[in-house]
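Structure file data_34.csv (CSV, C-alpha atoms) follows.
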```csv
chain,number,residue,atom,x,y,z
D,1454,MET,CA,-74.8,-26.2,45.1
D,1455,LYS,CA,-71.2,-25.9,44.0
D,1456,LEU,CA,-72.2,-24.2,40.8
D,1457,GLN,CA,-74.4,-21.8,42.6
D,1458,ILE,CA,-71.7,-20.5,45.0
D,1459,ARG,CA,-70.8,-17.0,43.9
D,1460,PRO,CA,-67.1,-16.1,43.2
D,1461,HIS,CA,-67.0,-13.3,45.8
D,1462,PHE,CA,-65.2,-15.5,48.3
D,1463,TYR,CA,-62.4,-16.4,45.8
D,1464,LEU,CA,-62.1,-12.8,44.7
D,1465,ASN,CA,-61.8,-11.6,48.3
D,1466,CYS,CA,-59.0,-14.2,48.9
D,1467,LEU,CA,-57.1,-12.8,45.8
D,1468,THR,CA,-57.6,-9.3,47.0
D,1469,CYS,CA,-56.3,-10.2,50.5
D,1470,ILE,CA,-53.2,-11.9,49.0
D,1471,HIS,CA,-52.5,-8.7,46.9
D,1472,SER,CA,-52.8,-6.6,50.0
D,1473,MET,CA,-50.4,-8.8,51.8
D,1474,ALA,CA,-47.9,-8.6,48.9
D,1475,GLN,CA,-48.1,-4.8,49.1
D,1476,THR,CA,-47.0,-4.9,52.7
D,1477,GLN,CA,-44.5,-7.8,52.2
D,1478,LEU,CA,-46.3,-10.2,54.5
D,1479,TYR,CA,-44.8,-13.2,52.8
D,1480,GLU,CA,-45.4,-15.8,55.5
D,1481,GLU,CA,-49.1,-14.8,55.6
D,1482,ILE,CA,-49.3,-15.0,51.7
D,1483,GLY,CA,-48.0,-18.6,51.9
D,1484,GLN,CA,-50.6,-19.5,54.6
D,1485,MET,CA,-53.4,-17.9,52.6
D,1486,ALA,CA,-52.4,-19.5,49.3
D,1487,LEU,CA,-52.2,-23.0,51.0
D,1488,SER,CA,-55.5,-22.7,52.8
D,1489,THR,CA,-57.2,-21.4,49.7
D,1490,ALA,CA,-55.9,-24.2,47.6
D,1491,LYS,CA,-57.0,-26.8,50.1
D,1492,TYR,CA,-60.4,-25.1,50.3
D,1493,LEU,CA,-60.9,-25.1,46.5
D,1494,ARG,CA,-59.7,-28.8,46.2
D,1495,TYR,CA,-62.4,-29.9,48.6
D,1496,LEU,CA,-65.0,-27.7,47.0
D,1497,LEU,CA,-64.3,-29.1,43.5
D,1498,GLN,CA,-64.2,-32.7,44.4
D,1499,ASP,CA,-66.5,-35.3,42.7
D,1500,ASN,CA,-70.1,-34.9,43.6
D,1501,GLN,CA,-71.0,-36.9,46.7
D,1502,ASP,CA,-74.2,-37.0,48.8
D,1503,PHE,CA,-72.2,-37.8,51.9
D,1504,VAL,CA,-68.7,-37.4,53.2
D,1505,ASN,CA,-66.9,-38.3,56.4
D,1506,LEU,CA,-67.4,-35.7,59.0
D,1507,ASN,CA,-63.6,-35.6,59.5
D,1508,GLN,CA,-63.3,-34.3,55.9
D,1509,GLU,CA,-66.0,-31.7,56.4
D,1510,ILE,CA,-64.4,-30.4,59.6
D,1511,GLU,CA,-61.0,-30.1,57.9
D,1512,HIS,CA,-62.7,-28.1,55.1
D,1513,VAL,CA,-64.3,-25.8,57.7
D,1514,GLU,CA,-61.1,-25.3,59.5
D,1515,ASP,CA,-59.4,-24.3,56.2
D,1516,TYR,CA,-62.3,-21.8,55.6
D,1517,LEU,CA,-62.0,-20.4,59.2
D,1518,SER,CA,-58.2,-20.1,58.9
D,1519,ILE,CA,-58.7,-18.0,55.7
D,1520,GLN,CA,-61.1,-15.8,57.6
D,1521,LYS,CA,-58.6,-15.5,60.4
D,1522,LEU,CA,-55.9,-14.3,57.9
D,1523,ARG,CA,-58.4,-11.8,56.3
D,1524,TYR,CA,-59.7,-10.3,59.5
D,1525,GLY,CA,-56.7,-10.7,61.8
D,1526,GLU,CA,-56.9,-10.2,65.6
D,1527,ILE,CA,-60.6,-9.3,65.7
D,1528,PHE,CA,-61.5,-12.9,64.5
D,1529,THR,CA,-61.2,-16.1,66.5
D,1530,TYR,CA,-62.9,-19.5,66.4
D,1531,LEU,CA,-63.3,-22.6,68.4
D,1532,CYS,CA,-64.3,-26.1,67.2
D,1533,GLU,CA,-65.5,-28.6,69.8
D,1534,ILE,CA,-66.2,-32.0,68.3
D,1535,SER,CA,-67.2,-34.9,70.5
D,1536,PRO,CA,-64.7,-37.8,69.9
D,1537,ASP,CA,-67.6,-40.3,69.2
D,1538,VAL,CA,-69.0,-38.4,66.2
D,1539,LYS,CA,-66.0,-38.0,63.9
D,1540,ASP,CA,-66.5,-41.2,62.0
D,1541,VAL,CA,-70.0,-40.5,60.7
D,1542,TYR,CA,-71.4,-39.4,57.4
D,1543,ILE,CA,-72.7,-35.9,56.7
D,1544,PRO,CA,-73.7,-34.0,53.6
D,1545,PRO,CA,-70.8,-32.0,52.2
D,1546,LEU,CA,-70.7,-28.1,52.5
D,1547,ILE,CA,-73.4,-28.1,55.2
D,1548,LEU,CA,-71.2,-26.8,58.0
D,1549,GLN,CA,-69.5,-24.1,55.9
D,1550,THR,CA,-72.7,-22.7,54.6
D,1551,PHE,CA,-74.1,-22.0,58.1
D,1552,ILE,CA,-70.7,-20.8,59.4
D,1553,GLU,CA,-70.4,-18.4,56.4
D,1554,ASN,CA,-73.9,-17.1,57.2
D,1555,VAL,CA,-73.2,-16.4,60.9
D,1556,ILE,CA,-69.9,-14.6,59.9
D,1557,ASN,CA,-71.8,-12.4,57.4
D,1558,HIS,CA,-74.1,-11.3,60.2
D,1559,ALA,CA,-71.3,-10.7,62.7
D,1560,ILE,CA,-68.2,-9.2,61.2
D,1561,SER,CA,-67.6,-5.6,62.2
D,1562,PRO,CA,-64.2,-3.7,61.9
D,1563,ASP,CA,-64.7,-2.3,65.4
D,1564,GLU,CA,-65.7,-5.4,67.4
D,1565,MET,CA,-64.1,-8.7,68.3
D,1566,ILE,CA,-65.9,-11.7,66.8
D,1567,LYS,CA,-65.7,-15.4,67.8
D,1568,ILE,CA,-67.2,-18.3,66.0
D,1569,ASN,CA,-68.1,-21.5,67.9
D,1570,LEU,CA,-68.8,-24.8,66.3
D,1571,THR,CA,-69.9,-27.7,68.5
D,1572,ILE,CA,-70.9,-31.2,67.3
D,1573,LYS,CA,-72.1,-34.1,69.5
D,1574,LYS,CA,-74.3,-37.1,69.5
D,1575,VAL,CA,-77.8,-36.9,71.1
D,1576,PHE,CA,-80.6,-39.4,71.6
D,1577,LYS,CA,-84.2,-38.6,70.9
D,1578,ASP,CA,-87.3,-40.4,69.7
D,1579,GLN,CA,-85.4,-43.7,70.2
D,1580,LYS,CA,-82.7,-42.8,67.7
D,1581,ASP,CA,-79.2,-41.3,67.7
D,1582,TYR,CA,-78.8,-37.9,66.0
D,1583,LEU,CA,-76.0,-35.5,65.3
D,1584,LYS,CA,-76.5,-32.2,66.9
D,1585,ILE,CA,-74.5,-29.3,65.3
D,1586,GLN,CA,-74.5,-25.8,66.8
D,1587,ILE,CA,-72.9,-22.8,65.3
D,1588,SER,CA,-72.8,-19.4,67.1
D,1589,ASN,CA,-71.1,-16.1,67.0
D,1590,THR,CA,-70.6,-13.1,69.3
D,1591,GLY,CA,-71.8,-10.5,66.9
D,1592,THR,CA,-75.1,-8.7,66.6
D,1593,GLY,CA,-77.2,-11.7,65.6
D,1594,PHE,CA,-79.7,-12.1,62.8
D,1595,PRO,CA,-81.8,-9.1,61.8
D,1596,ASP,CA,-85.4,-9.5,62.9
D,1597,GLU,CA,-86.7,-9.9,59.4
D,1598,VAL,CA,-84.1,-12.5,58.4
D,1599,LEU,CA,-84.8,-14.5,61.6
D,1600,SER,CA,-88.5,-14.4,61.0
D,1601,THR,CA,-88.1,-15.6,57.4
D,1602,LEU,CA,-85.7,-18.4,58.4
D,1603,ASN,CA,-87.9,-19.8,61.1
D,1604,SER,CA,-91.0,-19.6,58.9
D,1605,GLY,CA,-89.3,-21.9,56.5
D,1606,LEU,CA,-89.4,-19.3,53.7
D,1607,SER,CA,-86.6,-18.8,51.2
D,1608,LEU,CA,-84.1,-16.0,51.7
D,1609,GLU,CA,-83.1,-16.2,48.0
D,1610,HIS,CA,-83.3,-12.9,46.1
D,1611,LYS,CA,-83.9,-12.5,42.4
D,1612,ASP,CA,-80.2,-11.5,42.0
D,1613,GLY,CA,-79.1,-14.9,43.4
D,1614,THR,CA,-78.0,-13.7,46.8
D,1615,HIS,CA,-78.8,-15.6,50.0
D,1616,ILE,CA,-79.0,-18.9,48.1
D,1617,GLY,CA,-76.8,-20.9,50.4
D,1618,ILE,CA,-79.2,-21.7,53.3
D,1619,THR,CA,-82.1,-22.2,50.9
D,1620,ASN,CA,-80.0,-24.7,48.9
D,1621,VAL,CA,-78.9,-26.5,52.1
D,1622,ILE,CA,-82.5,-26.9,53.4
D,1623,GLN,CA,-83.6,-28.3,50.0
D,1624,ARG,CA,-80.8,-30.8,50.0
D,1625,LEU,CA,-81.6,-32.0,53.5
D,1626,HIS,CA,-85.2,-32.5,52.5
D,1627,LEU,CA,-84.0,-34.7,49.6
D,1628,LEU,CA,-81.6,-36.7,51.7
D,1629,TYR,CA,-83.6,-37.1,54.9
D,1630,ASP,CA,-87.2,-36.3,54.0
D,1631,GLU,CA,-88.5,-34.8,57.3
D,1632,ASP,CA,-86.1,-36.6,59.6
D,1633,PHE,CA,-84.0,-33.5,60.4
D,1634,SER,CA,-84.5,-30.1,62.1
D,1635,ILE,CA,-82.9,-26.6,61.9
D,1636,TYR,CA,-83.5,-23.8,64.4
D,1637,PHE,CA,-82.3,-20.2,64.1
D,1638,ASN,CA,-82.0,-18.0,67.2
D,1639,ASN,CA,-80.4,-14.8,68.6
D,1640,LEU,CA,-78.6,-15.3,71.9
D,1641,PRO,CA,-79.7,-13.3,74.9
D,1642,ASP,CA,-76.2,-11.6,75.3
D,1643,GLY,CA,-75.8,-11.0,71.5
D,1644,GLY,CA,-74.9,-13.2,68.6
D,1645,ALA,CA,-76.6,-15.7,66.3
D,1646,LEU,CA,-77.1,-19.4,67.0
D,1647,VAL,CA,-77.9,-22.1,64.4
D,1648,THR,CA,-78.8,-25.6,65.5
D,1649,VAL,CA,-79.0,-28.4,63.0
D,1650,VAL,CA,-80.0,-31.9,64.0
D,1651,LEU,CA,-79.4,-34.7,61.5
D,1652,PRO,CA,-79.7,-38.5,61.6
D,1653,TYR,CA,-76.6,-40.2,63.1
D,1654,GLN,CA,-75.0,-42.2,60.3
D,1655,PRO,CA,-71.8,-44.1,61.2
D,1656,ILE,CA,-69.4,-44.8,58.3
D,1657,ASN,CA,-69.6,-48.5,58.8
D,1658,THR,CA,-73.3,-48.5,57.8
D,1659,GLU,CA,-74.9,-48.1,54.4
D,1660,VAL,CA,-75.7,-44.4,53.5
D,1661,PHE,CA,-79.0,-43.4,52.1
D,1662,SER,CA,-79.4,-44.0,48.4
```

Kindly present the structure from the file in structure tokens form.
Amino acid sequence: MKLQIRPHFYLNCLTCIHSMAQTQLYEEIGQMALSTAKYLRYLLQDNQDFVNLNQEIEHVEDYLSIQKLRYGEIFTYLCEISPDVKDVYIPPLILQTFIENVINHAISPDEMIKINLTIKKVFKDQKDYLKIQISNTGTGFPDEVLSTLNSGLSLEHKDGTHIGITNVIQRLHLLYDEDFSIYFNNLPDGGALVTVVLPYQPINTEVFS
């Protein structure tokens, strides 16, 4: 998955730092460089099937802070994490992939955009699960994209674009078999909503092999 991530994000960060230098925004340059370095350090860590949710949330906040620096006042975000779910295992790069997707379907230079991330524990079918919801206040998924996603079909194009969600779903099948669910919706008042439900795996228990 790491090898398949295209370099556009990194190039955008460098372009943004260059623009900040042109306007002598030295404090913002420092913040951008630090956040980008932390982001890349996490991305290039040794391959792991599972990481502590705390690590994944910190990585997501680094990513969101970079977006905030890029887009300025039109971009805000809120992370609401239930206290009883932070010490659990989760596959790495899952959250960022879906957040990046809802940002791609929301950013407009003329409109305010807010990203919401909520994570909590739920009980269903006699088991505990981790419920993750990511939403935005943008225009939502295009109809054809929403139909493709909810049909379980791949969004991947021949040129390698839209590989992120397809990659994540394949990884979840390998890790959890069928014991997970993903739902894609558009909200009634506008915006996209992604709901991911994963097995609840505390860090004091053995992870899947």

Report the closest atom pair, with its distance in Å rounded to one decimal, for each residue of range 1559-1608 of chain D that has an atom no farther than 12 Å from range 1515-1518 of chain D; count only C-alpha atoms, sort by chain and then rising residue number, and write it as a tab-separated table.
```
residue	atom	partner	partner_atom	distance
D:Lys1567	CA	D:Leu1517	CA	10.6
D:Ile1568	CA	D:Leu1517	CA	8.8
D:Asn1569	CA	D:Leu1517	CA	10.7
D:Leu1570	CA	D:Leu1517	CA	10.8
```

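Using all atoms listed in the file, the shortest contact distance between Phe1594 in chain D and any of D:Gln1579, D:Ala1486, D:Arg1624, D:Asn1554 is found at D:Asn1554.
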
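From CA of Leu1602 in chain D back to CA of Tyr1636 in chain D, the distance works out to 8.4 Å.
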
**OP:** Identify, on the basis of only C-alpha atoms, every residue whose closest approach to Asn1639 in chain D does not exceed 10 Å; exclude the query and any residue fewer than 2 positions from it along the same chain; express the result as a list in words.
**Re:** Ser1588, Asn1589, Thr1590, Gly1591, Thr1592, Gly1593, Phe1594, Pro1595, Asp1596, Leu1599, Phe1637, Pro1641, Asp1642, Gly1643, Gly1644, Ala1645, Leu1646 and Val1647 of chain D

Subject >> Among the residues D:Leu1496, D:His1512, D:Ile1556, D:Thr1571, the one that comes closest to Leu1531 in chain D [using only C-alpha atoms] >> reply: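 Looking at the shortest contact to Leu1531 in chain D, the residue is D:Thr1571.
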
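Nearest residue to Glu1511 in chain D among D:Leu1464, D:Ile1572, D:Cys1532, D:Leu1478 is D:Cys1532, counting all atoms listed in the file.
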
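Across the structure, CA of Gln1508 in chain D and CA of Val1538 in chain D are spaced 12.5 Å apart.
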